[in-house]
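This report concerns only the one structure given below.
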There are 2 protein chains.
Amino acid sequence: MRLLLVEDEQALRDSLSQRLRDEGFAVDEAGDGPEGLYFATEYPIDLAIVDLGLPGFSGMSLIEQVREQGLTVPILILTARGNWEHKVAGLEAGADDYLVKPFVVEELLARVNALVRRSAGWAQAVIRSGPIELNTKSQEVLVGDESVELTSFEYKVVEYLMMHAGEVISKTRLTEHIYQQDYDRDSNVIEVFIGRLRKKLDPNGSYKPIETLRGRGYRFRLDSQ
Amino acid sequence: MRLLLVEDEQALRDSLSQRLRDEGFAVDEAGDGPEGLYFATEYPIDLAIVDLGLPGFSGMSLIEQVREQGLTVPILILTARGNWEHKVAGLEAGADDYLVKPFVVEELLARVNALVRRSAGWAQAVIRSGPIELNTKSQEVLVGDESVELTSFEYKVVEYLMMHAGEVISKTRLTEHIYQQDYDRDSNVIEVFIGRLRKKLDPNGSYKPIETLRGRGYRFRLDSQ
DNA sequence: ACTCTCTGTTAAGCCTGTATTAATCCGTTC
DNA sequence: GAACGGATTAATACAGGCTTAACAGAGAGT
């Protein structure tokens with residue numbers, strides 16, 4: 001999952017982005033509104049964290065401009081204690097949630113996770129397709145009743161695919177959402193990972209959770225059952 | 001802790017509630033959905049255990065109605081083996097965890113404790129995983145019947161891990177919860193402590209209570225027995 | 001002052017993931 | 001049906017994370 005963090009205070013930005021990366025997110029950083037807008041429009045962000053206390057109200061106008069462009073990316077705003085009119089304005093401008101500073105980092109992480117899931121259309125922490133069950137909290141994957149060991153990249157790939165089950169995901173899109181920076185075009189890491197995943201998620205080849213759409217990408221099976 | 005047990009089968013309900021009381025819980029008992037709903041809305045329940053196999057789908061609608069009222073009480077559902085579509089429907093309706101019948105009572109207790117602790121955010125006195133038992137009040141740790149001497153830092157580490165058993169805990173998260181302020185990034189204290197803990201908690205290496213998730217962190221085993 | 005225990009550092013070595021390469025397979029197009 | 005290009009898969013190299021032992025320094029207790 002790729003996040004955008006817009007925060008002018010360097011120290012806070014550093015520690016937050018570091019922590020978010022530790023928790024497995026790819027993080028783009030911006031120090032002001034315009035820079036944030038650039039990332040939000042040029043890169044496929046899964047969620048934006050925007051400090052409304054940026055100098056010159058640029059956080060506010062960032063949200064407005066992002067929404068004017070028709071982007072539906074979930075936005076979490078940070079406001080200073082006491083400035084509840086900012087918070088209200090932010091929500092009205094199209095933010096999805098807010099957090100009052102100072103906050104416990106874990107609270108931020110919890111909300112980020114919830115928002116990401118919610119925006120993908122999953123209310124619970126458990127996502128499933130047929131016999132495959134993914135727990136975003138324990139990062140455990142079950143196939144039937146068996147727990148399957150996934151490495152951290154394998155996990156990121158399934159998570160992204162399952163969160164967008166039923167959609168065609170191009171390989172570029174997958175890399176962009178999973179890797180911190182742009183990746184070598186002529187590498188076939190993704191294919192390799194898809195291959196490993198298929199083996200682990202569907203060892204006897206009966207369920208075929210990941211379809212290949214030649215030239216277009218992959219599609220995770222969306223299966224209620 | 002006050003539990004609500006909704007189970008139509010008299011014998012099972014009696015034995016379960018007895019056992020739960022032995023473990024120190026106050027238990028309200030209901031035999032069907034409507035009765036359960038009454039308790040859930042009229043009394044301050046900390047956790048509800050609901051059998052989805054109640055006659056007339058009333059377990060399912062109980063969950064839905066509880067959630068409709070905006071109650072966040074954690075709900076653990078019981079389903080019969082093979083009916084995983086019930087379990088799925090239950091989770092989607094807002095249940096927090098499930099257990100497949102028949103189950104070992106210890107497994108139920110483990111999950112009840114885990115759910116209560118997690119949802120309430122505060123500690124049950126005794127936390128258990130397999131042969132490992134941690135008493136947060138006396139700060140004593142037992143492995144099987146043997147008491148294990150832990151130093152204060154070792155204890156903090158196990159306590160945090162066990163309180164969040166089943167979750168992936170990044171090393172940053174662990175340090176942040178254990179140390180006052182941010183710690184030297186290129187120190188490997190955590191690894192060292194994990195190593196010492198493993199030796200003490202699992203001297204013959206058979207139970208493996210602490211899993212390593214390379215690049216992601218550690219996960220304490222969430223286990224019955 | 002001496003000892004003992006605990007914490008945290010260092011460093012060596014192991015091991016697991018990751019990404020590359022390359023051989024092969026399959027679909028599409030002509 | 002041949003040729004091309006994308007997709008699959010196995011094998012492998014390498015980096016860097018994890019484990020572990022050994023030890024130094026701090027601090028408590030005697």
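Lettering and numbering for the structure tokens are positional, with chains as A, B, ... in the shown order, residues counted from 1 in each chain, and ligands counted from 1 in the shown order.
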Which polymer residues have any atom within 10 Å of an atom of segment 21-29 of chain D, counting only C-alpha atoms (C1' of nucleotides), with same-chain residues fewer than 3 positions away left out, as JSON, numbers by chain? {"C": [3, 4, 5, 6, 7, 8, 9, 10, 11, 12]}
Check the DSSP output for the backbone and give back, as a PyMOL selection string, the residues of segment 115-193 of chain A in helix (DSSP H, G or I). chain A and resi 115-119+152-163+171-178+189-193
Give one line per residue of chain D that approaches chain A to at most 12 Å, naming the two atoms of the closest pair and their distance in Å to one decimal, counting only C-alpha atoms (C1' of nucleotides); sort by chain then ascending residue number and deliver it as CSV.
```
residue,atom,partner,partner_atom,distance
D:DG5,C1',A:Gly215,CA,9.8
D:DG6,C1',A:Gly215,CA,6.9
D:DA7,C1',A:Glu191,CA,7.4
D:DT8,C1',A:Gly195,CA,7.1
D:DT9,C1',A:Gly195,CA,7.6
D:DA10,C1',A:Val192,CA,10.4
```
Could I get the residues of segment 125-198 of chain B with an atom no further than 12 Å from an atom of segment 134-154 of chain A, each paired with its nearest atom pair and that distance in Å to one decimal, using only C-alpha atoms, sorted by chain and residue number, as JSON lines?
```
{"residue": "B:His164", "atom": "CA", "partner": "A:Ser138", "partner_atom": "CA", "distance": 9.7}
{"residue": "B:Ala165", "atom": "CA", "partner": "A:Ser138", "partner_atom": "CA", "distance": 8.9}
{"residue": "B:Gly166", "atom": "CA", "partner": "A:Ser138", "partner_atom": "CA", "distance": 5.6}
{"residue": "B:Glu167", "atom": "CA", "partner": "A:Ser138", "partner_atom": "CA", "distance": 4.3}
{"residue": "B:Val168", "atom": "CA", "partner": "A:Ser138", "partner_atom": "CA", "distance": 5.5}
{"residue": "B:Ile169", "atom": "CA", "partner": "A:Ser138", "partner_atom": "CA", "distance": 9.1}
{"residue": "B:Ser170", "atom": "CA", "partner": "A:Ser138", "partner_atom": "CA", "distance": 11.7}
```
In a least-squares superposition of chain B on chain A that uses all C-alpha atoms paired in order, the RMSD is 12.5 Å
Considering only C-alpha atoms, extract the chain B residues located within 12 Å of chain A and return them as number ranges by chain. B: 81-100, 164-177, 181-183, 185, 211-222
Expected answer as a PDB file with N, CA and C atoms (P, O5', C5', C4', C3', O3' and C1' of nucleotides), in the first residue's frame: chain C residues within 8 Å of chain A, only C-alpha atoms (C1' of nucleotides):
```
ATOM      1  P    DG C  17      11.762 -16.642   4.607  1.00  0.00           P
ATOM      2  O5'  DG C  17      11.665 -15.170   4.070  1.00  0.00           O
ATOM      3  C5'  DG C  17      12.133 -15.007   2.840  1.00  0.00           C
ATOM      4  C4'  DG C  17      12.563 -13.625   2.590  1.00  0.00           C
ATOM      5  C3'  DG C  17      11.807 -13.164   1.379  1.00  0.00           C
ATOM      6  O3'  DG C  17      11.702 -11.762   1.449  1.00  0.00           O
ATOM      7  C1'  DG C  17      14.103 -13.613   0.838  1.00  0.00           C
ATOM      8  P    DA C  19      12.628  -7.619  -4.742  1.00  0.00           P
ATOM      9  O5'  DA C  19      13.611  -7.970  -5.934  1.00  0.00           O
ATOM     10  C5'  DA C  19      14.984  -7.635  -5.803  1.00  0.00           C
ATOM     11  C4'  DA C  19      15.783  -8.357  -6.853  1.00  0.00           C
ATOM     12  C3'  DA C  19      15.220  -8.210  -8.270  1.00  0.00           C
ATOM     13  O3'  DA C  19      16.305  -7.883  -9.109  1.00  0.00           O
ATOM     14  C1'  DA C  19      15.556 -10.482  -7.776  1.00  0.00           C
ATOM     15  P    DT C  20      16.109  -7.382 -10.582  1.00  0.00           P
ATOM     16  O5'  DT C  20      17.097  -8.341 -11.374  1.00  0.00           O
ATOM     17  C5'  DT C  20      18.241  -8.824 -10.678  1.00  0.00           C
ATOM     18  C4'  DT C  20      18.905  -9.950 -11.432  1.00  0.00           C
ATOM     19  C3'  DT C  20      18.638 -10.001 -12.936  1.00  0.00           C
ATOM     20  O3'  DT C  20      19.879 -10.187 -13.600  1.00  0.00           O
ATOM     21  C1'  DT C  20      18.100 -12.090 -11.929  1.00  0.00           C
TER      22       DT C  20
END
```
Compare A:Val66, A:Ile77, A:Ile49, A:Leu12 by their minimum atom-to-atom distance to Leu37 of chain A, counting only C-alpha atoms, and give me the closest one.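 Smallest distance to Leu37 of chain A is found for A:Val66.
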Could you give me, as a ChimeraX atom specification, each residue of segment 101-203 of chain A that DSSP assigns to strand (DSSP E) when run on this structure's backbone? /A:101,126-129,132-135,140-143,146-148,168-169
What would the file look like if the residues just selected were written as a compact mmCIF listing (two decimals), in the first residue's frame with all heavy atoms?
```
# COMPACT_ATOMS: atom_id res chain seq x y z
N LYS A 101 -3.90 16.18 16.86
CA LYS A 101 -2.52 16.15 17.36
C LYS A 101 -2.50 16.67 18.78
O LYS A 101 -3.22 17.62 19.10
CB LYS A 101 -1.62 17.02 16.49
CG LYS A 101 -1.42 16.47 15.10
CD LYS A 101 -0.08 16.91 14.52
CE LYS A 101 -0.18 18.23 13.77
NZ LYS A 101 1.07 18.58 13.09
N VAL A 126 -10.80 -9.34 7.93
CA VAL A 126 -10.63 -10.62 7.24
C VAL A 126 -11.23 -10.54 5.84
O VAL A 126 -12.38 -10.16 5.65
CB VAL A 126 -11.32 -11.75 8.02
CG1 VAL A 126 -11.27 -13.04 7.22
CG2 VAL A 126 -10.64 -11.94 9.37
N ILE A 127 -10.41 -10.85 4.85
CA ILE A 127 -10.85 -10.81 3.47
C ILE A 127 -10.83 -12.23 2.94
O ILE A 127 -9.92 -12.98 3.26
CB ILE A 127 -9.90 -9.93 2.62
CG1 ILE A 127 -9.88 -8.51 3.18
CG2 ILE A 127 -10.32 -9.91 1.18
CD1 ILE A 127 -8.97 -7.59 2.41
N ARG A 128 -11.83 -12.59 2.14
CA ARG A 128 -11.80 -13.97 1.67
C ARG A 128 -12.24 -14.09 0.22
O ARG A 128 -12.98 -13.28 -0.32
CB ARG A 128 -12.64 -14.86 2.56
CG ARG A 128 -14.10 -14.85 2.22
CD ARG A 128 -14.86 -15.97 2.92
NE ARG A 128 -14.17 -16.48 4.08
CZ ARG A 128 -13.59 -17.67 4.11
NH1 ARG A 128 -13.61 -18.44 3.05
NH2 ARG A 128 -13.00 -18.08 5.19
N SER A 129 -11.74 -15.15 -0.39
CA SER A 129 -12.21 -15.54 -1.71
C SER A 129 -12.19 -17.04 -1.73
O SER A 129 -11.13 -17.65 -1.62
CB SER A 129 -11.28 -14.98 -2.79
OG SER A 129 -11.49 -15.68 -3.99
N ILE A 132 -9.77 -19.18 0.34
CA ILE A 132 -8.62 -18.39 0.76
C ILE A 132 -9.06 -17.25 1.66
O ILE A 132 -9.95 -16.48 1.33
CB ILE A 132 -7.88 -17.82 -0.47
CG1 ILE A 132 -7.38 -18.98 -1.32
CG2 ILE A 132 -6.73 -16.93 -0.04
CD1 ILE A 132 -6.86 -18.57 -2.66
N GLU A 133 -8.42 -17.19 2.82
CA GLU A 133 -8.80 -16.19 3.81
C GLU A 133 -7.56 -15.42 4.24
O GLU A 133 -6.55 -16.02 4.59
CB GLU A 133 -9.42 -16.89 5.02
CG GLU A 133 -9.81 -15.96 6.14
CD GLU A 133 -10.47 -16.71 7.31
OE1 GLU A 133 -11.41 -17.49 7.04
OE2 GLU A 133 -10.02 -16.54 8.44
N LEU A 134 -7.64 -14.10 4.18
CA LEU A 134 -6.51 -13.27 4.51
C LEU A 134 -6.87 -12.40 5.69
O LEU A 134 -7.86 -11.68 5.66
CB LEU A 134 -6.13 -12.40 3.30
CG LEU A 134 -5.07 -11.35 3.47
CD1 LEU A 134 -4.06 -11.46 2.35
CD2 LEU A 134 -5.67 -9.96 3.44
N ASN A 135 -6.06 -12.48 6.75
CA ASN A 135 -6.29 -11.67 7.92
C ASN A 135 -5.29 -10.52 7.92
O ASN A 135 -4.10 -10.72 8.10
CB ASN A 135 -6.11 -12.53 9.18
CG ASN A 135 -6.50 -11.77 10.42
OD1 ASN A 135 -6.25 -10.58 10.54
ND2 ASN A 135 -7.13 -12.47 11.35
N GLU A 140 -1.96 -13.26 8.43
CA GLU A 140 -1.98 -14.69 8.20
C GLU A 140 -2.87 -15.00 7.02
O GLU A 140 -3.89 -14.35 6.81
CB GLU A 140 -2.56 -15.40 9.44
CG GLU A 140 -1.54 -16.14 10.25
CD GLU A 140 -2.22 -16.98 11.30
OE1 GLU A 140 -3.31 -16.60 11.78
OE2 GLU A 140 -1.67 -18.03 11.64
N VAL A 141 -2.50 -16.02 6.29
CA VAL A 141 -3.31 -16.45 5.18
C VAL A 141 -3.69 -17.91 5.37
O VAL A 141 -2.84 -18.74 5.64
CB VAL A 141 -2.57 -16.27 3.84
CG1 VAL A 141 -3.37 -16.83 2.69
CG2 VAL A 141 -2.28 -14.79 3.61
N LEU A 142 -4.97 -18.19 5.28
CA LEU A 142 -5.44 -19.55 5.42
C LEU A 142 -5.98 -20.03 4.08
O LEU A 142 -6.67 -19.29 3.38
CB LEU A 142 -6.58 -19.63 6.43
CG LEU A 142 -6.29 -19.25 7.88
CD1 LEU A 142 -7.55 -19.40 8.73
CD2 LEU A 142 -5.19 -20.13 8.43
N VAL A 143 -5.65 -21.26 3.74
CA VAL A 143 -6.27 -21.89 2.58
C VAL A 143 -7.03 -23.08 3.14
O VAL A 143 -6.42 -24.03 3.62
CB VAL A 143 -5.22 -22.36 1.56
CG1 VAL A 143 -5.89 -23.08 0.41
CG2 VAL A 143 -4.44 -21.16 1.04
N GLU A 146 -5.81 -24.66 6.52
CA GLU A 146 -4.37 -24.67 6.64
C GLU A 146 -3.80 -23.26 6.59
O GLU A 146 -4.17 -22.47 5.73
CB GLU A 146 -3.75 -25.47 5.48
CG GLU A 146 -4.13 -26.93 5.46
CD GLU A 146 -3.51 -27.70 6.61
OE1 GLU A 146 -2.28 -27.57 6.79
OE2 GLU A 146 -4.24 -28.39 7.34
N SER A 147 -2.87 -23.00 7.51
CA SER A 147 -2.19 -21.72 7.49
C SER A 147 -1.04 -21.79 6.50
O SER A 147 -0.32 -22.77 6.44
CB SER A 147 -1.68 -21.40 8.89
OG SER A 147 -0.80 -20.31 8.83
N VAL A 148 -0.88 -20.76 5.70
CA VAL A 148 0.15 -20.73 4.68
C VAL A 148 1.19 -19.67 5.04
O VAL A 148 0.84 -18.55 5.39
CB VAL A 148 -0.47 -20.40 3.31
CG1 VAL A 148 0.60 -20.07 2.31
CG2 VAL A 148 -1.33 -21.55 2.83
N VAL A 168 -8.87 -5.97 -12.81
CA VAL A 168 -7.64 -6.31 -13.52
C VAL A 168 -6.55 -5.39 -13.00
O VAL A 168 -6.69 -4.17 -13.04
CB VAL A 168 -7.78 -6.11 -15.04
CG1 VAL A 168 -6.47 -6.47 -15.73
CG2 VAL A 168 -8.91 -6.96 -15.57
N ILE A 169 -5.47 -5.98 -12.50
CA ILE A 169 -4.36 -5.18 -11.97
C ILE A 169 -3.16 -5.37 -12.89
O ILE A 169 -2.63 -6.47 -13.00
CB ILE A 169 -3.98 -5.66 -10.56
CG1 ILE A 169 -5.21 -5.80 -9.67
CG2 ILE A 169 -2.96 -4.72 -9.95
CD1 ILE A 169 -5.86 -4.53 -9.27
```
Atom CA of Gln180 of chain A to atom CA of Val157 of chain A, distance in Å rounded to a single decimal: 13.8 Å
By how many Å are atom CA of Leu52 of chain B and atom CA of Pro102 of chain B apart? 13.2 Å
Selection: 12 Å around DA3 of chain D, only C-alpha atoms (C1' of nucleotides), excl. self and same-chain fewer than 6 positions, as a PyMOL selection string: chain C and resi 27-30
Surrounding residues of Val6 of chain B excluding itself and chain neighbours under 4 positions, 9 Å, only C-alpha atoms (C1' of nucleotides), as a ChimeraX atom specification: /B:13,28-33,35-36,48-51,54,59
Write the residues of the preceding selection, restricted to N, CA and C atoms, as an mmCIF file, in the first residue's frame.
```
data_model
loop_
_atom_site.group_PDB
_atom_site.id
_atom_site.type_symbol
_atom_site.label_atom_id
_atom_site.label_comp_id
_atom_site.auth_asym_id
_atom_site.auth_seq_id
_atom_site.Cartn_x
_atom_site.Cartn_y
_atom_site.Cartn_z
ATOM 1 N N ARG B 13 -24.341 -25.419 27.205
ATOM 2 C CA ARG B 13 -24.400 -24.102 27.830
ATOM 3 C C ARG B 13 -24.022 -24.206 29.295
ATOM 4 N N ASP B 28 -23.837 -14.262 31.792
ATOM 5 C CA ASP B 28 -25.272 -14.229 31.554
ATOM 6 C C ASP B 28 -25.571 -15.280 30.498
ATOM 7 N N GLU B 29 -26.653 -16.011 30.688
ATOM 8 C CA GLU B 29 -26.980 -17.073 29.735
ATOM 9 C C GLU B 29 -28.288 -16.796 29.012
ATOM 10 N N ALA B 30 -28.277 -17.061 27.725
ATOM 11 C CA ALA B 30 -29.502 -16.927 26.955
ATOM 12 C C ALA B 30 -29.634 -18.139 26.053
ATOM 13 N N GLY B 31 -30.872 -18.546 25.785
ATOM 14 C CA GLY B 31 -31.101 -19.754 25.010
ATOM 15 C C GLY B 31 -31.483 -19.481 23.570
ATOM 16 N N ASP B 32 -31.760 -18.224 23.258
ATOM 17 C CA ASP B 32 -32.102 -17.898 21.875
ATOM 18 C C ASP B 32 -31.749 -16.443 21.567
ATOM 19 N N GLY B 33 -31.957 -16.050 20.330
ATOM 20 C CA GLY B 33 -31.571 -14.725 19.881
ATOM 21 C C GLY B 33 -32.232 -13.582 20.644
ATOM 22 N N GLU B 35 -33.675 -13.417 23.516
ATOM 23 C CA GLU B 35 -33.229 -13.342 24.900
ATOM 24 C C GLU B 35 -31.813 -12.756 24.960
ATOM 25 N N GLY B 36 -30.967 -13.203 24.033
ATOM 26 C CA GLY B 36 -29.604 -12.691 23.957
ATOM 27 C C GLY B 36 -29.583 -11.200 23.711
ATOM 28 N N ALA B 48 -19.693 -11.219 23.938
ATOM 29 C CA ALA B 48 -20.788 -12.155 23.709
ATOM 30 C C ALA B 48 -20.292 -13.363 22.925
ATOM 31 N N ILE B 49 -20.698 -14.540 23.376
ATOM 32 C CA ILE B 49 -20.406 -15.779 22.654
ATOM 33 C C ILE B 49 -21.729 -16.256 22.069
ATOM 34 N N VAL B 50 -21.792 -16.330 20.765
ATOM 35 C CA VAL B 50 -23.068 -16.631 20.121
ATOM 36 C C VAL B 50 -22.964 -17.864 19.228
ATOM 37 N N ASP B 51 -23.827 -18.829 19.483
ATOM 38 C CA ASP B 51 -23.884 -20.009 18.633
ATOM 39 C C ASP B 51 -24.692 -19.667 17.391
ATOM 40 N N LEU B 54 -28.201 -21.668 16.315
ATOM 41 C CA LEU B 54 -29.479 -21.537 17.018
ATOM 42 C C LEU B 54 -30.618 -21.788 16.053
ATOM 43 N N GLY B 59 -29.298 -16.438 15.830
ATOM 44 C CA GLY B 59 -27.973 -15.990 16.218
ATOM 45 C C GLY B 59 -27.479 -14.908 15.275
#
```
